[in-house]
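Asks: This is the structure I want to talk about, given as structure tokens.
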Amino acid sequence: MRSTQDCDVIVIGAGSAAFEAAIAAREAGAERVVMLEKAPEDQFGGNARFSHTGFRFVHSGAEEIREFIPQIEEERFRRMVIPPYTRQQFLDDLNRVTQNRIDPVLAAALVDRSNAAVHWMRKVGVKWENEKVTKVGDKLYMEPGINIHPVGGGLGMLLSLREIALGMGIDIRYESRVRAFHGNDRRIEGVRVSTPEGEYDMSARSIVCCSGGFQASAAMRARYLGGNTDFVKVRGSRHNTGEVLHMLLDLGAASAGHWQGAHMTPIDSNAPAVETPVMHGGRGNSMNRYDYIYGITVNQLGRRFYDEGEAKISYTYAKTGRAVLQEPSGVAYQIYDQTGIDYFRHGRDYPATMVEADTIAELAVKIGIQPDVLVDEVARFNAACRRDVAFDASGPDGKGTVGLEIPKSNWATPIEKGPFRAYPITTGVTFSFGGLKIDDQARVLSTSFEPIRGLYASGDVVGLFFHNYPSCTGQTRNAVFSTLAGQGAAQLAN
Ligand SMILES: Cc1cc2nc3c(=O)[nH]c(=O)nc-3n(C[C@H](O)[C@H](O)[C@H](O)COP(=O)(O)OP(=O)(O)OC[C@H]3O[C@@H](n4cnc5c(N)ncnc54)[C@H](O)[C@@H]3O)c2cc1C
């Protein structure tokens, strides 16, 4: 006979959203909190394991950020340019990149609670360091609103969250796949758990679902994202295959977000099919190819196909992967000259797939593009670059092209100083945008838009984004909705 166990709060998953929900539930008084994670222990942590994990949140500027990074020496800190990131800026960023499709209630909840949620993480014990900087003269610049990430990157954050959770007596069970729910679209009562030793049922007063997106399932990518997404590279965890999401939709949960959309980025064409490696110390993913603002990107036909300088990288990288996928064979080449390489190579030591040649024609031959076409494309680009405006990497500099059908709006510097380089890229998927519909208390809603009693959700399993995404919003969203979910779940349990 199958055994039944009981607890106060079940949290599904052991990624960052799950840990934050479990810790918040314990803090709010839930006694028996159990985390059920499908992955084995040495693969725990979901997507954040593969990330350096920056946080975007509303803050008042340098003085406040100093509270997170007191260890940085004063002289260096003073060189960092850290303007405030306001509520309105965060809202504008979310609305602009999602083309005004983001749920305004959830967007306001995310923005308004972002500051408290990140401070909560600091208070529970997560340690921080400053984000990657772009050096211009003596000053150190960061992307707008993104100034800190946890020490040790995503894995560092996960290890501290896990230690905090274990210290609070939270029961973390690995190789424990949730494979069914007990309950209906009005009330959730428990789950069935599949383990290597067999199955058991577990009941709880409330459940927080933090099971991630469906991006690691080729079948679900093909079904929902379409357009050859079944063969893209998966940047994060192999375990995010969407079955929990599907079970809850079958039960009567409502869906939200962009089901044909996902966070897709340009990635080294030789990246592994899944779980791209991170650099030492969690300094970011070694397969990312985000330096496209310093050069041009062409498709296999030798033609540019998007505005590489539309905006700062943090506002364009998450949609650039889809743009690449739509080109022939789903591959493209980032082309740089020595001026462009100088801009981005400082501090970078990733093992990139790269081809070099003294002339553009030779480079074209090496990457299999018709030389006369690439020579023509580069010449047309060079002729269109404004030379009367100074290049400035600290922000959009207005140094755009003039007269091109596909402009490069900023940082348009002629490709003329050899040797030249081509970095072959393809598409990497980070997380899916379609998911469960929640309210501003992180309660999962039924298809009648009523809260399903006892069911909360946070993280990538929630449907929130459309088209594109302002970088480093995922972790902040996790912290915001997981603290709400943990607190709500604990209230039901007490
Ligand atoms: C390379 C990379 C870089 C990134 N960089 C950043 C960044 O800098 N800043 C930022 O904000 N975001 C970043 N992200 C996005 C961010 O990491 C994710 O949004 C976030 O980790 C999602 O957290 P989650 O807890 O919802 O999901 P996950 O961390 O993916 O966790 C979901 C968990 O659920 C488990 N699970 C799935 N199915 C079941 C089941 N049936 N039963 C039990 N458990 C199950 C999975 O094994 C997994 O552990 C990055 C992502 C990647 C991949």
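Chain labels follow the order of the structure tokens: the first chain is A, the next B, and so on; residue numbering restarts at 1 in every chain, and ligands are counted from 1 in their shown order.
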What are the closest atom pairs, with distances in Å to one decimal, for each residue of chain A lying within 7 Å of ligand 1, using only C-alpha atoms and all ligand atoms, rows by chain and rising residue number, as a Markdown table?
Replies:
```
| residue | atom | partner | partner_atom_place_in_ligand_line | distance |
| --- | --- | --- | --- | --- |
| A:Ile12 | CA | ligand 1 | 43 (C) | 5.3 |
| A:Gly13 | CA | ligand 1 | 34 (O) | 3.6 |
| A:Ala14 | CA | ligand 1 | 49 (O) | 4.6 |
| A:Gly15 | CA | ligand 1 | 31 (O) | 3.7 |
| A:Ser16 | CA | ligand 1 | 25 (O) | 4.3 |
| A:Ala17 | CA | ligand 1 | 25 (O) | 3.7 |
| A:Ala18 | CA | ligand 1 | 25 (O) | 5.4 |
| A:Leu36 | CA | ligand 1 | 43 (C) | 5.3 |
| A:Glu37 | CA | ligand 1 | 44 (N) | 3.9 |
| A:Lys38 | CA | ligand 1 | 43 (C) | 3.9 |
| A:Ala39 | CA | ligand 1 | 47 (O) | 4.9 |
| A:Phe44 | CA | ligand 1 | 49 (O) | 5.5 |
| A:Gly45 | CA | ligand 1 | 49 (O) | 4.8 |
| A:Gly46 | CA | ligand 1 | 29 (O) | 3.4 |
| A:Asn47 | CA | ligand 1 | 29 (O) | 4.0 |
| A:Ala48 | CA | ligand 1 | 17 (O) | 3.9 |
| A:Phe50 | CA | ligand 1 | 1 (C) | 4.7 |
| A:Ser51 | CA | ligand 1 | 3 (C) | 3.8 |
| A:His52 | CA | ligand 1 | 8 (O) | 5.3 |
| A:Thr53 | CA | ligand 1 | 8 (O) | 3.3 |
| A:Gly54 | CA | ligand 1 | 8 (O) | 4.0 |
| A:Phe55 | CA | ligand 1 | 11 (O) | 5.4 |
| A:Ser176 | CA | ligand 1 | 43 (C) | 5.9 |
| A:Arg177 | CA | ligand 1 | 42 (N) | 3.6 |
| A:Val178 | CA | ligand 1 | 42 (N) | 3.9 |
| A:Arg179 | CA | ligand 1 | 41 (N) | 5.7 |
| A:Cys210 | CA | ligand 1 | 26 (O) | 5.3 |
| A:Ser211 | CA | ligand 1 | 34 (O) | 3.4 |
| A:Gly212 | CA | ligand 1 | 27 (O) | 3.7 |
| A:Gly213 | CA | ligand 1 | 30 (O) | 6.6 |
| A:Arg235 | CA | ligand 1 | 53 (C) | 4.8 |
| A:Gly236 | CA | ligand 1 | 53 (C) | 3.6 |
| A:Ser237 | CA | ligand 1 | 30 (O) | 6.3 |
| A:His239 | CA | ligand 1 | 47 (O) | 4.4 |
| A:Asn240 | CA | ligand 1 | 37 (C) | 4.8 |
| A:Thr241 | CA | ligand 1 | 38 (N) | 6.2 |
| A:Gly242 | CA | ligand 1 | 38 (N) | 6.3 |
| A:Glu243 | CA | ligand 1 | 41 (N) | 5.8 |
| A:Val244 | CA | ligand 1 | 41 (N) | 5.2 |
| A:Thr276 | CA | ligand 1 | 1 (C) | 6.9 |
| A:Asn285 | CA | ligand 1 | 1 (C) | 5.6 |
| A:Thr430 | CA | ligand 1 | 53 (C) | 4.7 |
| A:Phe431 | CA | ligand 1 | 19 (O) | 6.6 |
| A:Ser458 | CA | ligand 1 | 26 (O) | 6.2 |
| A:Gly459 | CA | ligand 1 | 26 (O) | 3.1 |
| A:Asp460 | CA | ligand 1 | 26 (O) | 3.9 |
| A:Val461 | CA | ligand 1 | 26 (O) | 5.9 |
| A:Ser471 | CA | ligand 1 | 9 (N) | 6.3 |
| A:Cys472 | CA | ligand 1 | 11 (O) | 3.3 |
| A:Thr473 | CA | ligand 1 | 11 (O) | 4.5 |
| A:Gly474 | CA | ligand 1 | 11 (O) | 3.7 |
| A:Gln475 | CA | ligand 1 | 11 (O) | 3.6 |
| A:Thr476 | CA | ligand 1 | 11 (O) | 6.0 |
| A:Asn478 | CA | ligand 1 | 26 (O) | 6.5 |
```
Asks: Could you turn the residues from that selection into a file that holds N, CA and C atoms, as a short mmCIF file (atom, residue, chain, number, x, y, z; two decimals), in the first residue's frame?
Replies:
```cif
data_model
loop_
_atom_site.label_atom_id
_atom_site.label_comp_id
_atom_site.auth_asym_id
_atom_site.auth_seq_id
_atom_site.Cartn_x
_atom_site.Cartn_y
_atom_site.Cartn_z
N ILE A 12 7.33 22.90 -4.08
CA ILE A 12 7.77 22.05 -5.20
C ILE A 12 8.97 22.70 -5.88
N GLY A 13 10.11 21.97 -5.89
CA GLY A 13 11.34 22.47 -6.50
C GLY A 13 12.38 22.78 -5.43
N ALA A 14 13.61 22.95 -5.88
CA ALA A 14 14.69 23.43 -4.99
C ALA A 14 15.57 24.38 -5.78
N GLY A 15 14.92 25.28 -6.52
CA GLY A 15 15.60 26.40 -7.16
C GLY A 15 15.49 27.60 -6.22
N SER A 16 15.89 28.76 -6.71
CA SER A 16 15.90 29.93 -5.82
C SER A 16 14.49 30.30 -5.37
N ALA A 17 13.50 30.24 -6.26
CA ALA A 17 12.13 30.59 -5.85
C ALA A 17 11.67 29.67 -4.74
N ALA A 18 12.00 28.40 -4.85
CA ALA A 18 11.55 27.42 -3.86
C ALA A 18 12.21 27.69 -2.50
N LEU A 36 10.23 19.44 -2.24
CA LEU A 36 10.31 18.23 -3.08
C LEU A 36 11.01 18.59 -4.38
N GLU A 37 12.17 18.04 -4.59
CA GLU A 37 12.98 18.38 -5.77
C GLU A 37 13.22 17.13 -6.61
N LYS A 38 12.91 17.27 -7.87
CA LYS A 38 13.07 16.15 -8.80
C LYS A 38 14.54 15.78 -9.05
N ALA A 39 15.43 16.75 -9.07
CA ALA A 39 16.84 16.50 -9.41
C ALA A 39 17.56 15.79 -8.27
N PHE A 44 20.94 19.99 -7.75
CA PHE A 44 19.86 20.83 -7.20
C PHE A 44 20.07 22.29 -7.64
N GLY A 45 19.03 23.07 -7.51
CA GLY A 45 19.19 24.52 -7.69
C GLY A 45 18.59 25.09 -8.95
N GLY A 46 18.09 24.23 -9.84
CA GLY A 46 17.41 24.74 -11.03
C GLY A 46 18.28 25.64 -11.87
N ASN A 47 17.69 26.64 -12.45
CA ASN A 47 18.36 27.50 -13.43
C ASN A 47 19.46 28.36 -12.82
N ALA A 48 19.29 28.80 -11.58
CA ALA A 48 20.26 29.75 -11.02
C ALA A 48 21.67 29.14 -10.95
N PHE A 50 23.29 28.00 -13.17
CA PHE A 50 24.01 28.27 -14.42
C PHE A 50 24.17 29.78 -14.66
N SER A 51 23.94 30.55 -13.63
CA SER A 51 23.85 32.01 -13.80
C SER A 51 24.74 32.73 -12.80
N HIS A 52 25.10 33.98 -13.13
CA HIS A 52 25.79 34.76 -12.11
C HIS A 52 24.76 35.52 -11.27
N THR A 53 23.54 35.62 -11.78
CA THR A 53 22.38 36.02 -10.98
C THR A 53 22.38 37.46 -10.48
N GLY A 54 22.30 38.40 -11.42
CA GLY A 54 22.12 39.80 -11.04
C GLY A 54 20.68 40.06 -10.61
N PHE A 55 20.51 41.11 -9.80
CA PHE A 55 19.17 41.50 -9.32
C PHE A 55 18.86 42.93 -9.75
N SER A 176 12.83 13.56 -5.75
CA SER A 176 11.44 13.45 -5.31
C SER A 176 10.57 14.23 -6.30
N ARG A 177 10.18 13.54 -7.33
CA ARG A 177 9.45 14.19 -8.43
C ARG A 177 7.95 14.21 -8.11
N VAL A 178 7.37 15.40 -8.18
CA VAL A 178 5.91 15.50 -8.02
C VAL A 178 5.29 15.02 -9.32
N ARG A 179 4.43 14.00 -9.21
CA ARG A 179 3.89 13.47 -10.46
C ARG A 179 2.37 13.53 -10.54
N CYS A 210 7.05 25.94 -7.31
CA CYS A 210 8.22 26.66 -7.84
C CYS A 210 8.98 25.72 -8.76
N SER A 211 8.27 25.13 -9.69
CA SER A 211 8.85 24.04 -10.50
C SER A 211 9.48 24.53 -11.80
N GLY A 212 9.63 25.85 -11.97
CA GLY A 212 10.34 26.36 -13.14
C GLY A 212 9.52 26.33 -14.42
N GLY A 213 10.17 26.70 -15.51
CA GLY A 213 9.50 26.76 -16.81
C GLY A 213 9.53 25.42 -17.52
N ARG A 235 20.03 26.75 -21.91
CA ARG A 235 21.12 27.33 -21.12
C ARG A 235 21.16 26.80 -19.69
N GLY A 236 19.98 26.46 -19.17
CA GLY A 236 19.90 26.11 -17.75
C GLY A 236 19.63 24.64 -17.52
N SER A 237 18.93 24.37 -16.42
CA SER A 237 18.74 23.01 -15.90
C SER A 237 17.96 22.11 -16.86
N HIS A 239 16.17 19.82 -15.87
CA HIS A 239 15.01 19.30 -15.15
C HIS A 239 13.74 20.13 -15.32
N ASN A 240 13.86 21.28 -15.99
CA ASN A 240 12.69 22.16 -16.10
C ASN A 240 11.84 21.77 -17.32
N THR A 241 11.08 20.69 -17.15
CA THR A 241 10.38 20.10 -18.28
C THR A 241 8.86 20.32 -18.25
N GLY A 242 8.39 21.12 -17.31
CA GLY A 242 7.02 21.62 -17.40
C GLY A 242 5.89 20.69 -17.00
N GLU A 243 6.20 19.51 -16.46
CA GLU A 243 5.09 18.59 -16.17
C GLU A 243 4.19 19.08 -15.05
N VAL A 244 4.77 19.78 -14.07
CA VAL A 244 3.94 20.27 -12.96
C VAL A 244 2.99 21.35 -13.48
N THR A 276 24.66 24.98 -20.02
CA THR A 276 25.90 25.61 -20.47
C THR A 276 26.77 25.98 -19.27
N ASN A 285 27.83 33.01 -17.44
CA ASN A 285 27.86 31.84 -18.28
C ASN A 285 28.87 32.01 -19.40
N THR A 430 16.50 30.38 -22.22
CA THR A 430 16.75 30.52 -20.78
C THR A 430 15.53 30.06 -19.98
N PHE A 431 14.39 30.70 -20.24
CA PHE A 431 13.14 30.22 -19.61
C PHE A 431 11.94 30.63 -20.44
N SER A 458 5.46 30.74 -7.58
CA SER A 458 6.47 31.79 -7.80
C SER A 458 7.53 31.27 -8.76
N GLY A 459 8.23 32.20 -9.41
CA GLY A 459 9.34 31.83 -10.27
C GLY A 459 8.92 31.66 -11.72
N ASP A 460 9.74 30.92 -12.44
CA ASP A 460 9.52 30.77 -13.88
C ASP A 460 8.23 30.01 -14.22
N VAL A 461 7.62 29.34 -13.24
CA VAL A 461 6.37 28.63 -13.52
C VAL A 461 5.20 29.61 -13.66
N SER A 471 16.81 42.48 -18.25
CA SER A 471 17.68 41.50 -17.58
C SER A 471 17.58 41.59 -16.07
N CYS A 472 17.79 40.45 -15.45
CA CYS A 472 17.89 40.36 -13.98
C CYS A 472 16.59 40.69 -13.25
N THR A 473 15.48 40.47 -13.93
CA THR A 473 14.18 40.65 -13.27
C THR A 473 13.68 39.33 -12.70
N GLY A 474 14.18 38.20 -13.24
CA GLY A 474 13.69 36.88 -12.81
C GLY A 474 13.94 36.63 -11.34
N GLN A 475 15.14 36.90 -10.89
CA GLN A 475 15.46 36.63 -9.49
C GLN A 475 14.68 37.57 -8.57
N THR A 476 14.53 38.81 -8.97
CA THR A 476 13.77 39.74 -8.13
C THR A 476 12.31 39.29 -8.07
N ASN A 478 11.28 36.27 -8.31
CA ASN A 478 11.26 35.12 -7.39
C ASN A 478 11.17 35.60 -5.94
#
```
Asks: Give me the residues near A:Ser206 as a PyMOL selection string, where near means some atom within 10 Å (using only C-alpha atoms) and where sequence neighbours in that chain fewer than 2 positions away do not count.
Replies: chain A and resi 7-11+33+187-190+203-204+208-209+453-456+485-486+488-493
Asks: Based on DSSP run over this structure's backbone, return all residues of stretch 263-411 of chain A in helix (DSSP H, G or I), as an MDAnalysis selection string.
Replies: chainID A and resid 280:282 292:294 313:325 328:330 338:345 360:367 371:384
Asks: Residues at most 7 Å from stretch 158-168 of chain A, counting only C-alpha atoms, excluding those fewer than 2 positions away in the same chain, as a list of chain:residue names?
Replies: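 Listing them by chain and then by number gives A:Ser16, A:Phe19, A:Ile23, A:Gly45, A:Val126, A:Gly154, A:Leu155, A:Gly156, A:Ile170.
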Asks: So, with only C-alpha atoms as the atoms that count, which of A:Ala364, A:Val136, A:Val480, A:Leu445 lies closest to A:Arg56?
Replies: A:Val480
Asks: Select from stretch 129-209 of chain A everything DSSP, run on the backbone, classes as strand (DSSP E), then give the selection as an MDAnalysis selection string.
Replies: chainID A and resid 129:130 134:136 139:141 146:150 171:173 177:183 188:195 198:209
Asks: Once you have the residues from the selection above, write them out as a compact mmCIF listing (two decimals), in the first residue's frame, restricted to C-alpha atoms.
Replies:
```txt
# COMPACT_ATOMS: atom_id res chain seq x y z
CA GLU A 129 29.13 41.75 -4.59
CA ASN A 130 28.92 44.38 -7.32
CA THR A 134 32.12 48.84 -17.95
CA LYS A 135 35.12 51.09 -17.46
CA VAL A 136 34.99 54.47 -19.18
CA LYS A 139 34.47 55.61 -13.89
CA LEU A 140 32.84 52.21 -13.58
CA TYR A 141 29.37 51.85 -15.09
CA ILE A 146 21.49 46.19 -11.88
CA ASN A 147 24.26 46.80 -9.39
CA ILE A 148 24.61 43.66 -7.28
CA HIS A 149 24.61 39.88 -7.40
CA PRO A 150 25.18 37.26 -4.70
CA ASP A 171 13.16 19.15 5.01
CA ILE A 172 14.75 19.07 1.51
CA ARG A 173 14.07 15.88 -0.43
CA ARG A 177 9.45 14.19 -8.43
CA VAL A 178 5.91 15.50 -8.02
CA ARG A 179 3.89 13.47 -10.46
CA ALA A 180 0.27 14.19 -9.49
CA PHE A 181 -1.88 16.52 -7.41
CA HIS A 182 -4.69 15.72 -5.01
CA GLY A 183 -7.49 18.23 -5.11
CA ILE A 188 -5.38 21.65 -3.36
CA GLU A 189 -4.74 19.01 -0.73
CA GLY A 190 -1.53 17.23 -1.58
CA VAL A 191 0.75 15.60 -4.12
CA ARG A 192 2.00 12.21 -5.17
CA VAL A 193 5.78 11.89 -5.04
CA SER A 194 7.85 9.56 -7.17
CA THR A 195 11.26 8.52 -5.78
CA GLY A 198 8.79 4.07 -4.89
CA GLU A 199 5.87 6.45 -4.60
CA TYR A 200 4.11 8.07 -1.65
CA ASP A 201 1.40 10.64 -1.11
CA MET A 202 1.91 13.80 0.86
CA SER A 203 -0.81 16.07 2.19
CA ALA A 204 -0.38 19.70 3.29
CA ARG A 205 -2.42 22.76 4.23
CA SER A 206 -0.80 24.59 1.35
CA ILE A 207 1.53 24.06 -1.57
CA VAL A 208 3.89 26.55 -3.21
CA CYS A 209 4.70 25.59 -6.78
```
Asks: Which one is closest to A:Lys233: A:Arg26, A:Arg186, A:Arg221, A:Arg96? Count only C-alpha atoms.
Replies: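 With only C-alpha atoms as the atom set, the closest residue is A:Arg221.
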Asks: Find the residues near A:Gly145: any atom within 8 Å, counting only C-alpha atoms, skip ones fewer than 6 places away on the same chain, and give them as a ChimeraX atom specification.
Replies: /A:56-59,84-85,90
Asks: Need the shell around A:Phe449: protein/DNA/RNA residues with any atom at most 10 Å away, counting only C-alpha atoms. Skip same-chain ones fewer than 3 positions apart. Format as a PyMOL selection string?
Replies: chain A and resi 253-254+437-439+444-446+452
Asks: Counting only C-alpha atoms, which residue out of A:Gly321, A:Gly257, A:Gly398, A:Pro277 sits closest to A:Leu436?
Replies: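 For A:Leu436, the nearest of the candidates is A:Gly257.
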Asks: Rounded to one decimal place, report the atom CA of A:Ala107-atom CA of A:Arg87 distance in Å.
Replies: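 Atom CA of A:Ala107 sits 10.6 Å away from atom CA of A:Arg87.
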Asks: State, in Å with one decimal place, the distance from atom CA of A:Ser269 to atom CA of A:Val133.
Replies: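 Between atom CA of A:Ser269 and atom CA of A:Val133 the gap is 25.9 Å.
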Asks: Write out as a list in words the residues lying within 8 Å of A:Lys127, counting only C-alpha atoms and excluding same-chain residues fewer than 6 positions away.
Replies: Phe68, Pro150, Val151 and Met157 of chain A
Asks: Go through A:Gly463, A:Val365, A:Gly252, A:Gly261 and flag the residue nearest A:Ala222, using only C-alpha atoms for the distances.
Replies: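 Comparing A:Gly463, A:Val365, A:Gly252, A:Gly261 against A:Ala222, the winner is A:Gly261.
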Asks: Rounded to one decimal in Å, what is the spacing between atom CA of A:Ile369 and atom CA of A:Pro328?
Replies: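 Atom-to-atom, atom CA of A:Ile369 to atom CA of A:Pro328, that is 12.2 Å.
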Asks: Near A:Ile72, within 12 Å and counting only C-alpha atoms, which residues show up once chain neighbours fewer than 6 positions away are dropped, as JSON, numbers by chain?
Replies: {"A": [65, 66, 78, 79, 80, 128, 129, 130, 131, 148]}
Asks: Pick out the closest residue to A:Glu450 from this set: A:Asp185, A:Thr4, A:Tyr423, A:Gly137. Count only C-alpha atoms.
Replies: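 Checking each candidate against A:Glu450, we get A:Asp185 as the closest.
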